[in-house]
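Here is the file coords38.cif (mmCIF, C-alpha atoms).
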data_structure
loop_
_atom_site.label_atom_id
_atom_site.label_comp_id
_atom_site.auth_asym_id
_atom_site.auth_seq_id
_atom_site.Cartn_x
_atom_site.Cartn_y
_atom_site.Cartn_z
CA MET T 946 -52.92 -10.88 -25.47
CA THR T 947 -50.17 -8.35 -26.18
CA ASP T 948 -46.84 -9.86 -27.19
CA PRO T 949 -44.20 -8.79 -24.60
CA LEU T 950 -41.28 -9.32 -27.00
CA PRO T 951 -41.66 -6.01 -28.90
CA ARG T 952 -41.93 -4.15 -25.61
CA ARG T 953 -38.77 -5.81 -24.32
CA ALA T 954 -36.92 -5.06 -27.55
CA SER T 955 -38.04 -1.43 -27.41
CA ARG T 956 -36.92 -1.13 -23.79
CA ALA T 957 -33.55 -2.66 -24.62
CA LEU T 958 -33.07 -0.20 -27.49
CA ARG T 959 -33.90 2.73 -25.21
CA LEU T 960 -31.39 1.52 -22.63
CA LEU T 961 -28.73 1.12 -25.31
CA ALA T 962 -29.39 4.60 -26.68
CA ALA T 963 -29.15 6.07 -23.17
CA ALA T 964 -25.79 4.34 -22.62
CA LEU T 965 -24.18 5.47 -25.88
CA PRO T 966 -22.03 8.63 -25.79
CA ASP T 967 -23.90 11.93 -25.90
CA LEU T 968 -23.06 13.56 -29.28
CA ALA T 969 -24.59 16.97 -28.49
CA PRO T 970 -21.18 18.76 -28.38
CA TRP T 971 -20.28 17.27 -31.75
CA HIS T 972 -23.50 18.59 -33.32
CA SER T 973 -23.38 22.02 -31.66
CA SER T 974 -19.82 23.15 -32.46
CA ALA T 975 -17.78 23.02 -35.66
CA ASP T 976 -14.63 23.88 -33.71
CA PHE T 977 -15.24 20.96 -31.36
CA ARG T 978 -15.40 18.64 -34.35
CA LEU T 979 -12.12 20.06 -35.67
CA LEU T 980 -10.39 19.72 -32.30
CA TRP T 981 -11.73 16.20 -31.88
CA GLY T 982 -10.34 15.08 -35.24
CA GLN T 983 -7.06 16.93 -34.76
CA GLY T 984 -6.63 15.43 -31.31
CA LEU T 985 -7.29 11.90 -32.55
CA ILE T 986 -4.61 12.22 -35.21
CA THR T 987 -2.13 13.82 -32.80
CA TYR T 988 -2.69 11.21 -30.11
CA PHE T 989 -2.06 8.42 -32.60
CA GLY T 990 1.30 9.87 -33.60
CA SER T 991 2.22 10.86 -30.04
CA PHE T 992 1.63 7.35 -28.73
CA MET T 993 3.77 5.92 -31.52
CA ALA T 994 6.66 8.05 -30.25
CA LEU T 995 5.72 7.46 -26.60
CA ILE T 996 6.30 3.73 -27.05
CA ALA T 997 9.28 3.97 -29.38
CA LEU T 998 11.23 6.39 -27.18
CA PRO T 999 11.49 4.30 -23.96
CA LEU T 1000 12.06 1.18 -26.04
CA GLN T 1001 14.98 2.88 -27.75
CA ILE T 1002 16.42 3.97 -24.39
CA LYS T 1003 16.02 0.39 -23.14
CA GLU T 1004 17.87 -0.98 -26.16
CA LEU T 1005 20.69 1.54 -25.80
CA THR T 1006 21.17 1.13 -22.02
CA GLY T 1007 19.38 -2.00 -20.78
CA SER T 1008 18.61 -0.09 -17.55
CA PRO T 1009 15.15 0.42 -16.02
CA LEU T 1010 16.55 3.41 -14.13
CA ALA T 1011 17.64 5.02 -17.41
CA VAL T 1012 14.12 4.56 -18.79
CA GLY T 1013 12.58 5.95 -15.62
CA ALA T 1014 14.96 8.93 -15.73
CA MET T 1015 13.02 10.16 -18.74
CA GLY T 1016 10.30 11.18 -16.28
CA ALA T 1017 12.78 13.26 -14.28
CA VAL T 1018 13.97 15.01 -17.45
CA GLU T 1019 10.39 15.88 -18.38
CA LEU T 1020 9.32 17.07 -14.94
CA VAL T 1021 10.89 20.54 -14.62
CA PRO T 1022 9.90 21.76 -18.12
CA LEU T 1023 6.38 20.51 -17.52
CA VAL T 1024 6.03 22.39 -14.23
CA VAL T 1025 7.55 25.65 -15.48
CA PHE T 1026 5.90 25.78 -18.89
CA GLY T 1027 2.61 24.31 -17.66
CA LEU T 1028 2.15 27.19 -15.21
CA TYR T 1029 3.32 29.77 -17.73
CA GLY T 1030 1.14 28.21 -20.42
CA GLY T 1031 -1.90 28.66 -18.20
CA ALA T 1032 -1.26 32.39 -17.84
CA LEU T 1033 -0.49 32.60 -21.57
CA ALA T 1034 -3.84 30.99 -22.46
CA ASP T 1035 -5.68 33.77 -20.57
CA ALA T 1036 -3.64 36.52 -22.25
CA VAL T 1037 -3.31 35.64 -25.96
CA ASP T 1038 -5.23 33.93 -28.75
CA ARG T 1039 -5.53 30.29 -27.68
CA ARG T 1040 -5.70 29.12 -31.28
CA ARG T 1041 -2.29 30.67 -31.95
CA VAL T 1042 -0.76 28.91 -28.94
CA ILE T 1043 -2.15 25.55 -30.07
CA LEU T 1044 -0.95 26.00 -33.65
CA ARG T 1045 2.61 27.06 -32.80
CA THR T 1046 3.20 24.40 -30.17
CA GLU T 1047 1.82 21.71 -32.46
CA ALA T 1048 4.32 22.77 -35.13
CA GLY T 1049 7.10 22.67 -32.53
CA LEU T 1050 6.17 19.14 -31.48
CA GLY T 1051 6.34 18.08 -35.12
CA ALA T 1052 9.86 19.55 -35.39
CA LEU T 1053 10.99 17.55 -32.35
CA ALA T 1054 9.62 14.40 -33.98
CA VAL T 1055 11.87 15.16 -36.97
CA ILE T 1056 14.88 15.20 -34.61
CA LEU T 1057 13.93 11.76 -33.29
CA LEU T 1058 13.59 10.50 -36.84
CA VAL T 1059 17.02 11.79 -37.89
CA ASN T 1060 18.72 10.37 -34.78
CA ALA T 1061 17.10 6.95 -35.27
CA ALA T 1062 18.10 6.87 -38.94
CA VAL T 1063 21.87 7.22 -38.33
CA PRO T 1064 23.95 4.03 -37.94
CA ASP T 1065 24.72 4.69 -34.25
CA PRO T 1066 21.86 6.59 -32.58
CA LEU T 1067 22.87 8.80 -29.65
CA LEU T 1068 21.28 8.63 -26.22
CA TRP T 1069 21.40 12.28 -25.17
CA PRO T 1070 19.12 13.60 -27.97
CA LEU T 1071 16.38 11.31 -26.68
CA TYR T 1072 16.43 13.05 -23.29
CA VAL T 1073 16.67 16.50 -24.90
CA VAL T 1074 13.64 15.81 -27.07
CA ALA T 1075 11.74 14.36 -24.10
CA GLY T 1076 12.35 17.61 -22.21
CA GLY T 1077 11.35 19.70 -25.22
CA VAL T 1078 8.14 17.75 -25.74
CA SER T 1079 7.30 18.25 -22.07
CA ALA T 1080 7.85 22.02 -22.35
CA LEU T 1081 5.70 22.39 -25.48
CA ALA T 1082 2.98 20.16 -24.04
CA GLY T 1083 2.98 22.32 -20.92
CA LEU T 1084 2.44 25.41 -23.05
CA GLN T 1085 -0.23 23.81 -25.22
CA ARG T 1086 -2.49 21.88 -22.86
CA PRO T 1087 -3.88 24.87 -20.91
CA ALA T 1088 -4.89 26.53 -24.19
CA LEU T 1089 -6.50 23.31 -25.43
CA ASP T 1090 -8.32 22.56 -22.19
CA SER T 1091 -9.52 26.12 -21.60
CA LEU T 1092 -10.76 26.43 -25.18
CA LEU T 1093 -13.43 23.81 -24.50
CA THR T 1094 -15.58 26.16 -22.41
CA ARG T 1095 -15.48 28.72 -25.22
CA ILE T 1096 -16.70 26.44 -28.01
CA VAL T 1097 -19.13 24.09 -26.20
CA PRO T 1098 -22.36 25.17 -24.44
CA HIS T 1099 -22.18 24.88 -20.65
CA GLU T 1100 -24.79 22.14 -20.40
CA HIS T 1101 -22.82 19.98 -22.85
CA LEU T 1102 -19.45 20.18 -21.05
CA PRO T 1103 -19.64 16.76 -19.29
CA ALA T 1104 -20.57 15.11 -22.58
CA ALA T 1105 -17.71 16.95 -24.33
CA ALA T 1106 -15.27 15.69 -21.69
CA ALA T 1107 -16.49 12.13 -22.29
CA LEU T 1108 -16.09 12.48 -26.05
CA ASN T 1109 -12.59 13.92 -25.65
CA ALA T 1110 -11.64 11.05 -23.36
CA LEU T 1111 -13.05 8.59 -25.89
CA ARG T 1112 -10.91 10.21 -28.60
CA TRP T 1113 -7.84 9.93 -26.40
CA GLN T 1114 -8.49 6.25 -25.74
CA VAL T 1115 -8.87 5.41 -29.43
CA GLY T 1116 -5.46 6.95 -30.08
CA ALA T 1117 -4.02 5.32 -26.98
CA ILE T 1118 -5.13 1.89 -28.15
CA ALA T 1119 -4.16 2.14 -31.81
CA GLY T 1120 -0.87 3.98 -31.17
CA PRO T 1121 0.76 1.59 -28.65
CA ALA T 1122 -0.60 -1.56 -30.29
CA LEU T 1123 0.79 -0.59 -33.68
CA ALA T 1124 3.95 1.02 -32.26
CA GLY T 1125 5.10 -2.26 -30.76
CA LEU T 1126 4.70 -3.96 -34.13
CA VAL T 1127 6.23 -1.07 -36.10
CA VAL T 1128 9.30 -0.88 -33.86
CA ALA T 1129 9.75 -4.65 -33.86
CA TYR T 1130 9.46 -5.12 -37.62
CA ALA T 1131 10.31 -1.73 -39.15
CA GLY T 1132 12.46 0.01 -36.54
CA HIS T 1133 12.29 3.15 -34.46
CA ALA T 1134 12.80 5.44 -37.45
CA THR T 1135 9.57 4.26 -39.07
CA ALA T 1136 7.62 4.91 -35.87
CA TYR T 1137 9.03 8.44 -35.66
CA ALA T 1138 8.24 9.01 -39.35
CA VAL T 1139 4.59 8.20 -38.69
CA THR T 1140 4.67 10.71 -35.83
CA VAL T 1141 5.99 13.43 -38.14
CA VAL T 1142 3.21 12.78 -40.65
CA THR T 1143 0.47 12.95 -38.01
CA PHE T 1144 1.72 16.29 -36.65
CA THR T 1145 1.82 17.72 -40.17
CA VAL T 1146 -1.84 16.80 -40.68
CA SER T 1147 -2.70 18.18 -37.24
CA VAL T 1148 -1.17 21.57 -38.01
CA VAL T 1149 -3.28 21.81 -41.18
CA LEU T 1150 -6.44 21.15 -39.15
CA CYS T 1151 -5.46 23.69 -36.48
CA LEU T 1152 -5.23 26.36 -39.18
CA ARG T 1153 -9.00 25.99 -39.68
CA LEU T 1154 -9.92 26.71 -36.03
CA THR T 1155 -11.76 29.93 -35.23
CA PRO T 1156 -9.53 32.49 -33.45
CA ALA T 1157 -10.08 32.56 -29.67
CA PRO T 1158 -8.91 36.01 -28.49
CA PRO T 1159 -8.50 36.82 -24.80
CA ALA T 1160 -10.61 39.23 -22.77
CA ARG T 1161 -10.03 42.90 -23.62
CA ASP T 1162 -8.67 43.61 -20.15
CA ALA T 1163 -6.44 40.49 -20.01
CA GLU T 1164 -3.01 41.18 -18.54
CA LYS T 1165 0.28 39.84 -19.84
CA PRO T 1166 1.50 36.53 -18.36
CA SER T 1167 3.34 37.15 -15.11
CA LEU T 1168 4.12 35.54 -11.79
CA ARG T 1169 1.38 37.67 -10.25
CA GLN T 1170 -1.21 36.30 -12.65
CA ILE T 1171 -0.03 32.73 -12.03
CA ALA T 1172 -0.21 33.36 -8.28
CA ARG T 1173 -3.77 34.64 -8.61
CA GLY T 1174 -4.83 31.41 -10.28
CA ALA T 1175 -3.03 29.33 -7.66
CA ALA T 1176 -4.69 31.31 -4.86
CA TYR T 1177 -8.12 30.64 -6.36
CA ALA T 1178 -7.41 26.91 -6.57
CA TRP T 1179 -6.09 26.84 -3.00
CA SER T 1180 -9.28 28.49 -1.75
CA ARG T 1181 -11.51 25.76 -3.28
CA PRO T 1182 -11.34 22.43 -1.39
CA VAL T 1183 -13.20 20.64 -4.18
CA LEU T 1184 -10.58 21.62 -6.73
CA LEU T 1185 -7.75 20.77 -4.33
CA GLY T 1186 -9.25 17.33 -3.87
CA THR T 1187 -9.29 16.61 -7.59
CA TYR T 1188 -5.65 17.66 -7.93
CA ALA T 1189 -4.40 15.82 -4.85
CA ILE T 1190 -6.12 12.52 -5.58
CA ASP T 1191 -4.92 12.42 -9.17
CA LEU T 1192 -1.35 13.27 -8.14
CA ALA T 1193 -1.31 10.55 -5.49
CA ALA T 1194 -2.83 7.91 -7.78
CA MET T 1195 -0.37 8.56 -10.60
CA PHE T 1196 2.71 8.92 -8.39
CA PHE T 1197 2.18 5.61 -6.62
CA ALA T 1198 0.54 3.53 -9.34
CA PHE T 1199 1.82 4.50 -12.78
CA PRO T 1200 3.87 1.45 -13.88
CA ASN T 1201 4.11 2.08 -17.65
CA THR T 1202 7.83 2.74 -17.60
CA VAL T 1203 8.59 -0.81 -16.38
CA PHE T 1204 6.28 -2.62 -18.81
CA PRO T 1205 9.22 -3.66 -21.06
CA PHE T 1206 10.79 -5.42 -18.06
CA LEU T 1207 7.47 -6.90 -16.88
CA ALA T 1208 6.91 -8.42 -20.32
CA ASP T 1209 10.36 -10.02 -20.15
CA GLU T 1210 9.75 -11.40 -16.63
CA LEU T 1211 6.46 -12.96 -17.77
CA ASP T 1212 8.33 -14.51 -20.74
CA ALA T 1213 5.98 -12.67 -23.10
CA PRO T 1214 7.83 -9.88 -24.93
CA TRP T 1215 5.12 -10.03 -27.58
CA SER T 1216 2.65 -8.64 -25.04
CA LEU T 1217 4.40 -5.28 -24.56
CA GLY T 1218 2.15 -3.37 -26.96
CA LEU T 1219 -0.90 -5.01 -25.38
CA MET T 1220 0.22 -3.90 -21.92
CA TYR T 1221 0.45 -0.30 -23.05
CA ALA T 1222 -2.93 -0.54 -24.77
CA ALA T 1223 -4.85 -2.55 -22.13
CA GLY T 1224 -5.64 0.43 -19.91
CA SER T 1225 -6.95 2.34 -22.89
CA VAL T 1226 -9.17 -0.59 -23.85
CA GLY T 1227 -10.78 -0.47 -20.42
CA SER T 1228 -11.21 3.28 -20.70
CA LEU T 1229 -12.66 2.93 -24.18
CA LEU T 1230 -15.26 0.41 -23.04
CA LEU T 1231 -16.34 2.79 -20.30
CA GLY T 1232 -16.33 5.70 -22.74
CA LEU T 1233 -18.53 3.85 -25.23
CA THR T 1234 -21.18 3.60 -22.52
CA SER T 1235 -20.74 7.16 -21.21
CA GLY T 1236 -24.24 8.43 -22.05
CA TRP T 1237 -25.03 8.42 -18.34
CA VAL T 1238 -22.34 11.04 -17.63
CA SER T 1239 -24.63 13.91 -18.66
CA ARG T 1240 -27.09 12.88 -15.93
CA VAL T 1241 -24.58 12.61 -13.06
CA ARG T 1242 -24.33 15.42 -10.49
CA ARG T 1243 -22.06 13.88 -7.80
CA HIS T 1244 -18.82 14.08 -9.77
CA GLY T 1245 -16.63 14.02 -6.66
CA LEU T 1246 -17.69 10.42 -6.05
CA LEU T 1247 -16.52 9.54 -9.55
CA VAL T 1248 -13.09 11.00 -8.78
CA VAL T 1249 -12.64 9.01 -5.56
CA PHE T 1250 -14.10 5.69 -6.65
CA GLY T 1251 -12.31 5.78 -10.00
CA ALA T 1252 -8.91 6.45 -8.42
CA GLY T 1253 -9.47 3.70 -5.84
CA ALA T 1254 -10.39 1.20 -8.57
CA TRP T 1255 -7.24 2.18 -10.47
CA GLY T 1256 -5.04 1.41 -7.45
CA LEU T 1257 -6.70 -1.94 -6.70
CA ALA T 1258 -6.32 -3.07 -10.29
CA ILE T 1259 -2.62 -2.13 -10.33
CA VAL T 1260 -2.15 -4.29 -7.22
CA GLY T 1261 -3.55 -7.22 -9.18
CA ALA T 1262 -1.34 -6.46 -12.19
CA GLY T 1263 1.73 -6.73 -9.97
CA LEU T 1264 0.68 -9.94 -8.20
CA PHE T 1265 -0.47 -12.13 -11.10
CA GLU T 1266 2.18 -14.27 -12.77
CA SER T 1267 0.64 -14.79 -16.21
CA VAL T 1268 -0.04 -12.32 -19.00
CA GLY T 1269 -3.81 -12.82 -19.35
CA PRO T 1270 -4.82 -11.75 -15.81
CA VAL T 1271 -2.28 -8.90 -15.92
CA LEU T 1272 -3.87 -7.51 -19.08
CA VAL T 1273 -7.34 -7.79 -17.53
CA CYS T 1274 -6.18 -5.88 -14.44
CA LEU T 1275 -4.64 -3.18 -16.60
CA GLY T 1276 -7.93 -2.90 -18.47
CA VAL T 1277 -9.85 -2.47 -15.21
CA ALA T 1278 -7.30 0.12 -14.11
CA GLY T 1279 -7.92 2.07 -17.31
CA ALA T 1280 -11.68 2.06 -16.70
CA GLY T 1281 -11.09 3.38 -13.18
CA ASP T 1282 -8.82 6.13 -14.47
CA MET T 1283 -11.43 7.09 -17.06
CA LEU T 1284 -14.11 7.30 -14.37
CA SER T 1285 -11.96 9.52 -12.19
CA GLY T 1286 -10.95 11.68 -15.16
CA LEU T 1287 -14.56 12.30 -16.18
CA GLY T 1288 -15.33 13.47 -12.65
CA ARG T 1289 -12.33 15.81 -12.57
CA SER T 1290 -13.07 17.33 -15.98
CA ALA T 1291 -16.71 17.93 -15.10
CA ILE T 1292 -15.83 19.71 -11.85
CA TRP T 1293 -13.18 21.87 -13.51
CA ASN T 1294 -15.35 22.93 -16.45
CA GLN T 1295 -18.44 23.52 -14.30
CA THR T 1296 -16.90 25.62 -11.53
CA ILE T 1297 -13.92 27.68 -12.75
CA PRO T 1298 -14.58 31.27 -13.95
CA GLU T 1299 -13.78 31.92 -17.63
CA GLU T 1300 -11.25 34.66 -16.82
CA LEU T 1301 -9.20 32.15 -14.78
CA ARG T 1302 -9.77 29.13 -16.98
CA GLY T 1303 -6.35 29.17 -18.65
CA ARG T 1304 -4.38 29.53 -15.41
CA LEU T 1305 -6.39 26.80 -13.71
CA ALA T 1306 -5.93 24.63 -16.79
CA GLY T 1307 -2.18 25.08 -16.26
CA ILE T 1308 -2.55 23.77 -12.72
CA GLU T 1309 -4.64 20.90 -14.06
CA VAL T 1310 -1.85 20.03 -16.49
CA LEU T 1311 0.47 19.68 -13.52
CA SER T 1312 -2.01 17.59 -11.55
CA TYR T 1313 -2.49 14.97 -14.26
CA SER T 1314 0.99 15.15 -15.81
CA VAL T 1315 3.46 15.62 -12.97
CA GLY T 1316 2.08 12.55 -11.22
CA PRO T 1317 2.89 10.19 -14.11
CA GLN T 1318 6.33 11.79 -14.58
CA LEU T 1319 7.20 11.26 -10.92
CA GLY T 1320 5.54 7.86 -11.10
CA GLN T 1321 7.93 6.83 -13.87
CA VAL T 1322 10.90 7.74 -11.68
CA ARG T 1323 9.39 5.94 -8.69
CA ALA T 1324 8.55 2.79 -10.64
CA GLY T 1325 11.95 2.66 -12.37
CA ALA T 1326 13.86 3.17 -9.12
CA MET T 1327 11.76 0.65 -7.18
CA ALA T 1328 12.06 -1.92 -9.97
CA GLY T 1329 15.84 -1.57 -9.85
CA TRP T 1330 15.89 -2.05 -6.07
CA THR T 1331 13.12 -4.54 -5.30
CA GLY T 1332 12.10 -6.06 -8.65
CA THR T 1333 9.57 -5.15 -11.31
CA ARG T 1334 6.47 -6.87 -9.98
CA SER T 1335 7.06 -5.71 -6.42
CA ALA T 1336 7.37 -2.13 -7.62
CA ILE T 1337 3.98 -2.43 -9.32
CA TRP T 1338 1.82 -4.00 -6.60
CA THR T 1339 3.25 -1.96 -3.70
CA GLY T 1340 2.56 1.20 -5.69
CA GLY T 1341 -1.05 0.14 -6.23
CA ALA T 1342 -1.50 -0.50 -2.51
CA ALA T 1343 -0.03 2.91 -1.66
CA CYS T 1344 -2.44 4.49 -4.16
CA VAL T 1345 -5.51 2.95 -2.50
CA ALA T 1346 -4.35 4.05 0.96
CA SER T 1347 -3.58 7.62 -0.13
CA VAL T 1348 -6.92 8.01 -1.95
CA ALA T 1349 -8.79 6.84 1.14
CA LEU T 1350 -6.91 9.30 3.37
CA LEU T 1351 -7.44 12.23 1.01
CA ALA T 1352 -11.15 11.49 0.65
CA ALA T 1353 -11.52 11.48 4.41
CA ALA T 1354 -9.59 14.75 4.72
CA LEU T 1355 -11.61 16.50 1.97
CA PRO T 1356 -15.30 15.78 2.64
CA LYS T 1357 -16.43 18.64 0.35
CA LEU T 1358 -15.15 16.70 -2.64
CA LEU T 1359 -17.35 13.72 -1.77
CA ALA T 1360 -20.32 16.04 -1.20
CA TYR T 1361 -19.91 17.95 -4.48
CA ASP T 1362 -23.21 18.30 -6.38
CA SER T 1363 -23.20 20.25 -9.65
CA GLY T 1364 -26.82 21.27 -9.06
CA THR T 1365 -26.17 23.00 -5.73
CA ASP T 1366 -22.45 23.80 -5.52
CA GLU T 1367 -22.00 27.59 -5.29
CA ASP T 1368 -19.22 27.79 -7.87
CA ALA T 1369 -21.08 25.53 -10.31
CA VAL T 1370 -24.27 27.59 -9.96
CA ARG T 1371 -22.34 30.85 -10.47
CA ARG T 1372 -20.56 29.48 -13.55
CA ARG T 1373 -23.83 28.20 -15.02
CA GLU T 1374 -25.50 31.58 -14.51
CA ALA T 1375 -22.54 33.34 -16.14
CA ALA T 1376 -22.82 31.08 -19.18
CA GLY T 1377 -26.58 31.73 -19.34
CA ARG T 1378 -26.05 35.50 -19.47
CA THR T 1379 -24.36 35.27 -22.87
CA THR T 1380 -26.50 37.31 -25.25
CA GLY T 1381 -26.88 37.53 -29.00
CA PRO T 1382 -26.93 34.82 -31.64
CA THR T 1383 -23.53 33.15 -31.52
CA ALA T 1384 -22.65 30.64 -34.21
CA PRO T 1385 -21.34 27.32 -32.89
CA GLY T 1386 -17.61 27.62 -32.40
CA ALA T 1387 -17.51 31.37 -33.04
CA PRO T 1388 -15.83 33.63 -30.48
CA THR T 1389 -18.16 35.43 -28.09
CA ALA T 1390 -17.59 38.66 -26.26
CA PRO T 1391 -14.09 38.44 -24.76
CA GLY T 1392 -14.03 36.45 -21.57
CA VAL T 1393 -17.53 35.04 -22.02
CA PRO T 1394 -18.02 31.37 -22.97
CA ALA T 1395 -20.14 30.38 -25.92
CA ALA T 1396 -23.63 29.32 -24.96
#

Using structure tokens, write down the structure that the file contains.
Amino acid sequence: MTDPLPRRASRALRLLAAALPDLAPWHSSADFRLLWGQGLITYFGSFMALIALPLQIKELTGSPLAVGAMGAVELVPLVVFGLYGGALADAVDRRRVILRTEAGLGALAVILLVNAAVPDPLLWPLYVVAGGVSALAGLQRPALDSLLTRIVPHEHLPAAAALNALRWQVGAIAGPALAGLVVAYAGHATAYAVTVVTFTVSVVLCLRLTPAPPARDAEKPSLRQIARGAAYAWSRPVLLGTYAIDLAAMFFAFPNTVFPFLADELDAPWSLGLMYAAGSVGSLLLGLTSGWVSRVRRHGLLVVFGAGAWGLAIVGAGLFESVGPVLVCLGVAGAGDMLSGLGRSAIWNQTIPEELRGRLAGIEVLSYSVGPQLGQVRAGAMAGWTGTRSAIWTGGAACVASVALLAAALPKLLAYDSGTDEDAVRRREAAGRTTGPTAPGAPTAPGVPAA
């Protein structure tokens, strides 16, 4: 009689292998490997500063509204430079944009370091740097995001999005967790010094990227070019749905800015770093089992269900009165956000024409960045008026309601299928028409993605 144990073990191993992240993009593109490593280092340093900056504002002012105002300072530069950065990414070498903005972000980190090192740090430079970081990030992200379709084969784009999200979560966990300890025991200046070092290493890695020139007939960045990209997005209900749902979810249910006050209310100031990292832990766990993403075709469902799960979990984080359940809810929220983000990235990369990829990436930057910035202002203002925990759970409830309404109003998003959607089919055929032996990561004919 055949022993069933080996068969069960073999089946379990196959299931585990199918659940692990798909590494095909990593193997197929040297530039993807460079960007992945550069991004991991940058995220680590960025999250160190992201935690240290609001903590320093809190220490200088003691006001949740002052902390939340950082989101208002960042908003206008993000909108203006995000849209311009999208047009810029379609008109110039994307590698050059990434390199120069990364160097600029490192210079701003030096300003934070100098200000924190003086005996009496000033408040206004913190807001100036926050606005500068927002402007440079707005310029950089469209070039980064649109570069993905040039260096990764079309069929590997969902897997590449999952690997990029996994990279982000590793940095988001290590950065906040260590930042809380570094600030508490070594001060803000040390945290900013680590940020400076990470950006220096990142610039060195960016120098090794293959140039990514624009199409030969690319026009200079202008309002007309930005308007053309916006008109394309407006004409695609599926794209509009991804933007609207993410904006609503982040505006209503992004409580990070009030975490310092929540930790105090729960009599657990030691948990602040864990609160910032908990969402990333949930996202990381989902990312480590993201092998299934390459087999999914209904990415619109991922967007809706993920955003709804995020809102429900934030409701729980605001209602529970002890740290343990709050951290669990934040972890579940992170997994929901990861699920929604994978769906959005897949739809964007599968449907948007290469010649518009930079401008649409600029709009994407606004959709997933403006929401959190406005959410910081909302959460800080609500916490000042109604209390910290009330500001959190009511925002989560509003998120769930808005996602449900948007899903009902945009049925094409729920029905999206990458195998049959007209834009996805057209984009896949365009990628398949790439001719000639192209080395992984090398630039193709202008305007044509690597295949």

Discussion item. Report, in Å to a single decimal, how far apart CA of Leu1084 (chain T) and CA of Asn1201 (chain T) are.
Written reply: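 Straight-line distance from CA of Asn1201 (chain T) to CA of Leu1084 (chain T) works out to 24.0 Å.
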
Practice prompt. Please write the residues picked by the PyMOL selection byres ((chain T and resi 1179-1187) around 6) on this file as an MDAnalysis selection string.
Written response: chainID T and resid 1176:1178 1188:1190 1289 1357:1358

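The gap separating CA of Gly1224 (chain T) from CA of Gly1340 (chain T) is 16.4 Å, in Å to one decimal.
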
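With all atoms listed in the file as the atoms that count, the minimum distance from Ile1096 (chain T) to the choices T:Arg1041, T:Lys1165, T:His972, T:Arg1173 is reached by T:His972.
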
Which residues of region 1037-1147 of chain T come within 12 Å of region 1317-1333 of chain T, and for each one, what is the closest pair of atoms and their distance in Å to one decimal, counting all atoms listed in the file, sorted by chain and residue number, as JSON lines?
{"residue": "T:Ala1075", "atom": "CA", "partner": "T:Gln1318", "partner_atom": "CA", "distance": 11.2}
{"residue": "T:Gly1076", "atom": "CA", "partner": "T:Gln1318", "partner_atom": "CA", "distance": 11.3}
{"residue": "T:Ser1079", "atom": "CA", "partner": "T:Gln1318", "partner_atom": "CA", "distance": 9.9}

Restricting the output to C-alpha atoms, write the selected residues as a JSON list (two decimals), in the frame of the given file.
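See selection02.json below for the written result:
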[["chain", "number", "residue", "atom", "x", "y", "z"],
["T", 1075, "ALA", "CA", 11.74, 14.36, -24.10],
["T", 1076, "GLY", "CA", 12.35, 17.61, -22.21],
["T", 1079, "SER", "CA", 7.30, 18.25, -22.07]]

Fill in: Counting only C-alpha atoms, the option among T:Leu1000, T:Ala1172, T:Ala1054, T:Val1115 closest to Leu1233 (chain T)
T:Val1115
